[in-house]
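Report on the structure given below.
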Amino acid sequence: MLVIMTVVTGLVDSFSFLKLGHVFVANSTGNILFMGFALAHVPGFSIVESSLALAATLVGAFVGGRLCSAYADHRDQILGLSASIEAVLIAIAVLLSLSTSIPVHGIYRTALVGVLGVAMGIQNAAARKLAVPDLTTTVLTLTITGLGADSVLAGGTGSRAGRRLIAIASMLIGAVIGALLELHTALCTPLITALLLMLVVVVWVTMAGRSNGAWTSA
């Protein structure tokens, strides 16, 4: 399920970067850098848009944190509720994208950055609480570092290369699909794809949670 959510990250960040300007809705590190570029008066970067994305992520993280605290002993409910809210927010983004045209400007651009930023903030908070190694769904720097630093050749105990490569490939696949859809289809298509994937997660976690497997407990 977290692998699917990693693909979603690639989809929504490709949408935000390619169609909403130089802004990410999931990669906060990138937005910090973009703010620095804007402060240096590099053309094409906006302090306002990057700040909005960061603020939206923070709001989403707060909401996700409240969910994680309320259902701390039930990992399936954390994942299920966060995925459900994220799906609703992405659905709102789909409706917004259907109501605007390319290039996206004004209130629609602001609303899309805000809604998607909150959605990804919730996803970040849930993934952080679930704490599945190397499946943060949005950040790959430490995952890539671990491939080398934890390898036997580097004196480590093993790099868990399989899971780490899956995480890297998932985001790459999401970004490639998102970019291709943006280049060759309607504005809303990457978001619709992301919504369908999130609905898969919602249904999957609902079904899997009924078994009360070991993974559902804190």
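Naming scheme: A, B, ... for chains in displayed order of the structure tokens; residues 1 onward per chain; ligands 1 onward as shown.
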
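Within the 7 Å cut-off around Thr138 of chain A, using only C-alpha atoms and omitting residues fewer than 4 positions from it on the same chain, the listed residues are Thr6, Thr9, Ala26 and Asn27 of chain A.
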
When DSSP works through the backbone of this structure, what residues of segment 98-157 of chain A end up as helix (DSSP H, G or I), shown as a PyMOL selection string?
-> chain A and resi 98-99+106-130+141-149+152-154

Please save C-alpha atoms of the selected residues as an mmCIF file, in the first residue's frame.
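As written to disk, selection-v3.cif reads:
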data_model
loop_
_atom_site.group_PDB
_atom_site.id
_atom_site.type_symbol
_atom_site.label_atom_id
_atom_site.label_comp_id
_atom_site.auth_asym_id
_atom_site.auth_seq_id
_atom_site.Cartn_x
_atom_site.Cartn_y
_atom_site.Cartn_z
ATOM 1 C CA LEU A 98 -11.631 20.300 -14.610
ATOM 2 C CA SER A 99 -12.774 23.864 -13.934
ATOM 3 C CA GLY A 106 -4.987 32.735 -9.993
ATOM 4 C CA ILE A 107 -7.271 31.163 -7.449
ATOM 5 C CA TYR A 108 -7.242 27.771 -9.149
ATOM 6 C CA ARG A 109 -3.463 27.505 -8.948
ATOM 7 C CA THR A 110 -3.501 28.572 -5.302
ATOM 8 C CA ALA A 111 -6.316 26.161 -4.467
ATOM 9 C CA LEU A 112 -4.615 23.230 -6.199
ATOM 10 C CA VAL A 113 -1.327 23.829 -4.404
ATOM 11 C CA GLY A 114 -3.159 24.144 -1.088
ATOM 12 C CA VAL A 115 -5.406 21.104 -1.455
ATOM 13 C CA LEU A 116 -2.656 18.808 -2.760
ATOM 14 C CA GLY A 117 -0.192 20.098 -0.170
ATOM 15 C CA VAL A 118 -2.574 19.217 2.665
ATOM 16 C CA ALA A 119 -3.168 15.782 1.129
ATOM 17 C CA MET A 120 0.534 15.018 0.928
ATOM 18 C CA GLY A 121 1.123 16.356 4.433
ATOM 19 C CA ILE A 122 -1.408 13.844 5.750
ATOM 20 C CA GLN A 123 0.298 11.085 3.776
ATOM 21 C CA ASN A 124 3.677 12.088 5.192
ATOM 22 C CA ALA A 125 2.397 12.042 8.763
ATOM 23 C CA ALA A 126 0.800 8.618 8.354
ATOM 24 C CA ALA A 127 3.869 7.099 6.700
ATOM 25 C CA ARG A 128 6.067 8.538 9.447
ATOM 26 C CA LYS A 129 3.876 6.993 12.147
ATOM 27 C CA LEU A 130 3.738 3.612 10.394
ATOM 28 C CA THR A 141 17.557 10.756 -0.170
ATOM 29 C CA LEU A 142 18.121 8.519 2.862
ATOM 30 C CA THR A 143 16.832 5.514 0.931
ATOM 31 C CA ILE A 144 19.415 6.051 -1.795
ATOM 32 C CA THR A 145 22.128 6.747 0.785
ATOM 33 C CA GLY A 146 21.289 3.493 2.560
ATOM 34 C CA LEU A 147 21.935 1.479 -0.587
ATOM 35 C CA GLY A 148 25.595 2.359 -0.328
ATOM 36 C CA ALA A 149 26.141 3.145 3.340
ATOM 37 C CA VAL A 152 28.245 -5.214 3.158
ATOM 38 C CA LEU A 153 31.016 -3.692 1.054
ATOM 39 C CA ALA A 154 30.787 -0.532 3.162
#

Near segment 35-44 of chain A, within 12 Å and counting only C-alpha atoms, which residues show up once chain neighbours fewer than 2 positions away are dropped, as number ranges by chain?
-> A: 17, 20-24, 28-33, 46-54

Export all heavy atoms of the chosen residues as a compact mmCIF listing (two decimals), in the first residue's frame?
# COMPACT_ATOMS: atom_id res chain seq x y z
N PHE A 17 4.69 20.45 -10.47
CA PHE A 17 5.88 21.08 -11.03
C PHE A 17 5.66 21.49 -12.49
O PHE A 17 6.06 22.58 -12.92
CB PHE A 17 7.07 20.15 -10.92
CG PHE A 17 8.38 20.80 -11.31
CD1 PHE A 17 9.09 21.55 -10.40
CD2 PHE A 17 8.88 20.67 -12.59
CE1 PHE A 17 10.29 22.16 -10.74
CE2 PHE A 17 10.07 21.27 -12.97
CZ PHE A 17 10.77 22.02 -12.03
N LEU A 20 1.77 23.75 -12.38
CA LEU A 20 1.51 24.83 -11.41
C LEU A 20 2.72 25.73 -11.22
O LEU A 20 2.71 26.60 -10.35
CB LEU A 20 1.06 24.23 -10.06
CG LEU A 20 -0.16 23.32 -10.10
CD1 LEU A 20 -0.50 22.83 -8.72
CD2 LEU A 20 -1.36 24.04 -10.74
N GLY A 21 3.76 25.50 -11.98
CA GLY A 21 4.98 26.29 -11.84
C GLY A 21 6.02 25.55 -11.05
O GLY A 21 5.89 24.37 -10.75
N HIS A 22 7.08 26.23 -10.68
CA HIS A 22 8.17 25.60 -9.94
C HIS A 22 7.78 25.45 -8.47
O HIS A 22 8.22 26.20 -7.59
CB HIS A 22 9.44 26.43 -10.08
CG HIS A 22 10.04 26.37 -11.45
ND1 HIS A 22 10.86 27.33 -11.96
CD2 HIS A 22 9.91 25.44 -12.43
CE1 HIS A 22 11.24 27.00 -13.19
NE2 HIS A 22 10.66 25.85 -13.49
N VAL A 23 6.95 24.46 -8.20
CA VAL A 23 6.51 24.19 -6.85
C VAL A 23 6.22 22.70 -6.72
O VAL A 23 5.72 22.07 -7.66
CB VAL A 23 5.26 25.02 -6.47
CG1 VAL A 23 4.08 24.66 -7.37
CG2 VAL A 23 4.90 24.88 -5.01
N PHE A 24 6.57 22.13 -5.58
CA PHE A 24 6.23 20.75 -5.26
C PHE A 24 5.15 20.75 -4.19
O PHE A 24 5.13 21.62 -3.32
CB PHE A 24 7.45 19.98 -4.73
CG PHE A 24 8.49 19.66 -5.77
CD1 PHE A 24 9.79 20.11 -5.64
CD2 PHE A 24 8.17 18.89 -6.88
CE1 PHE A 24 10.76 19.80 -6.59
CE2 PHE A 24 9.12 18.58 -7.84
CZ PHE A 24 10.42 19.04 -7.69
N SER A 28 9.00 18.84 0.31
CA SER A 28 9.22 20.10 1.01
C SER A 28 10.65 20.59 0.87
O SER A 28 10.90 21.80 0.85
CB SER A 28 8.85 19.95 2.49
OG SER A 28 7.47 19.71 2.65
N THR A 29 11.60 19.67 0.78
CA THR A 29 12.99 20.07 0.59
C THR A 29 13.14 20.89 -0.68
O THR A 29 13.82 21.92 -0.70
CB THR A 29 13.91 18.83 0.53
OG1 THR A 29 13.76 18.07 1.72
CG2 THR A 29 15.37 19.25 0.38
N GLY A 30 12.50 20.43 -1.74
CA GLY A 30 12.54 21.17 -3.00
C GLY A 30 11.97 22.56 -2.86
O GLY A 30 12.51 23.53 -3.42
N ASN A 31 10.89 22.71 -2.09
CA ASN A 31 10.28 24.03 -1.93
C ASN A 31 11.17 24.98 -1.14
O ASN A 31 11.19 26.19 -1.40
CB ASN A 31 8.91 23.89 -1.24
CG ASN A 31 7.87 23.30 -2.17
OD1 ASN A 31 7.84 23.60 -3.36
ND2 ASN A 31 7.03 22.43 -1.64
N ILE A 32 11.89 24.46 -0.16
CA ILE A 32 12.86 25.29 0.56
C ILE A 32 13.92 25.82 -0.40
O ILE A 32 14.29 27.00 -0.38
CB ILE A 32 13.52 24.50 1.70
CG1 ILE A 32 12.49 24.10 2.76
CG2 ILE A 32 14.66 25.31 2.32
CD1 ILE A 32 11.92 25.26 3.53
N LEU A 33 14.41 24.94 -1.28
CA LEU A 33 15.39 25.36 -2.27
C LEU A 33 14.80 26.39 -3.23
O LEU A 33 15.45 27.39 -3.58
CB LEU A 33 15.90 24.14 -3.05
CG LEU A 33 16.71 23.12 -2.25
CD1 LEU A 33 16.99 21.89 -3.10
CD2 LEU A 33 18.01 23.72 -1.77
N SER A 46 8.74 31.38 -7.17
CA SER A 46 7.86 32.25 -6.38
C SER A 46 7.95 31.91 -4.90
O SER A 46 7.72 30.76 -4.50
CB SER A 46 6.41 32.11 -6.85
OG SER A 46 5.52 32.74 -5.96
N ILE A 47 8.26 32.92 -4.09
CA ILE A 47 8.26 32.72 -2.64
C ILE A 47 6.86 32.40 -2.16
O ILE A 47 6.66 31.55 -1.29
CB ILE A 47 8.80 33.97 -1.93
CG1 ILE A 47 10.27 34.20 -2.27
CG2 ILE A 47 8.63 33.84 -0.41
CD1 ILE A 47 10.85 35.47 -1.67
N VAL A 48 5.87 33.07 -2.75
CA VAL A 48 4.48 32.89 -2.31
C VAL A 48 4.02 31.45 -2.54
O VAL A 48 3.45 30.82 -1.64
CB VAL A 48 3.56 33.87 -3.05
CG1 VAL A 48 2.09 33.57 -2.71
CG2 VAL A 48 3.90 35.30 -2.69
N GLU A 49 4.25 30.93 -3.74
CA GLU A 49 3.78 29.58 -4.04
C GLU A 49 4.51 28.53 -3.20
O GLU A 49 3.90 27.59 -2.69
CB GLU A 49 3.99 29.28 -5.54
CG GLU A 49 3.15 30.13 -6.47
CD GLU A 49 1.66 29.91 -6.30
OE1 GLU A 49 1.26 28.87 -5.77
OE2 GLU A 49 0.89 30.79 -6.71
N SER A 50 5.82 28.68 -3.05
CA SER A 50 6.59 27.73 -2.24
C SER A 50 6.17 27.79 -0.78
O SER A 50 6.04 26.77 -0.10
CB SER A 50 8.09 28.00 -2.37
OG SER A 50 8.53 27.78 -3.70
N SER A 51 5.92 29.01 -0.29
CA SER A 51 5.47 29.18 1.10
C SER A 51 4.10 28.56 1.31
O SER A 51 3.83 27.93 2.34
CB SER A 51 5.44 30.66 1.48
OG SER A 51 6.72 31.24 1.38
N LEU A 52 3.22 28.75 0.32
CA LEU A 52 1.88 28.16 0.39
C LEU A 52 1.97 26.64 0.45
O LEU A 52 1.27 25.99 1.25
CB LEU A 52 1.05 28.59 -0.81
CG LEU A 52 -0.32 27.92 -0.96
CD1 LEU A 52 -1.21 28.24 0.22
CD2 LEU A 52 -0.99 28.35 -2.27
N ALA A 53 2.82 26.05 -0.39
CA ALA A 53 2.96 24.60 -0.40
C ALA A 53 3.48 24.09 0.95
O ALA A 53 3.00 23.08 1.47
CB ALA A 53 3.90 24.18 -1.53
N LEU A 54 4.45 24.81 1.52
CA LEU A 54 4.99 24.41 2.82
C LEU A 54 3.94 24.54 3.92
O LEU A 54 3.81 23.65 4.78
CB LEU A 54 6.21 25.26 3.16
CG LEU A 54 7.47 25.01 2.33
CD1 LEU A 54 8.53 26.06 2.63
CD2 LEU A 54 8.03 23.61 2.60

So how far away is atom CA of Leu165 of chain A from atom CA of Glu86 of chain A, in Å?
-> 25.2 Å

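When atom CA of Leu81 of chain A is paired with atom CA of Val202 of chain A, their separation reads 8.1 Å.
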
Hey, which of A:Val3, A:Val201, A:Ile90, A:Val25 ends up closest to Arg163 of chain A? Count only C-alpha atoms.
-> A:Val3

Residue with the minimum atom-to-atom distance to Ala167 of chain A, picked from A:Val200, A:Leu58, A:Val132, A:Ala208 with only C-alpha atoms counted, is A:Val132

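Near Gly10 of chain A, within a cut-off of 9 Å and counting only C-alpha atoms, sit the residues Met5, Thr6, Val7, Val8, Val12, Asp13, Ser14, Phe15, Ala26, Thr138, Ser170, Met171, Leu172, Ile173, Gly174, Ala175, Val176, Ile177 and Gly178 of chain A, with same-chain residues fewer than 2 positions away left out.
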
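The spacing separating atom CA of Arg75 of chain A from atom CA of Thr216 of chain A amounts to 4.7 Å.
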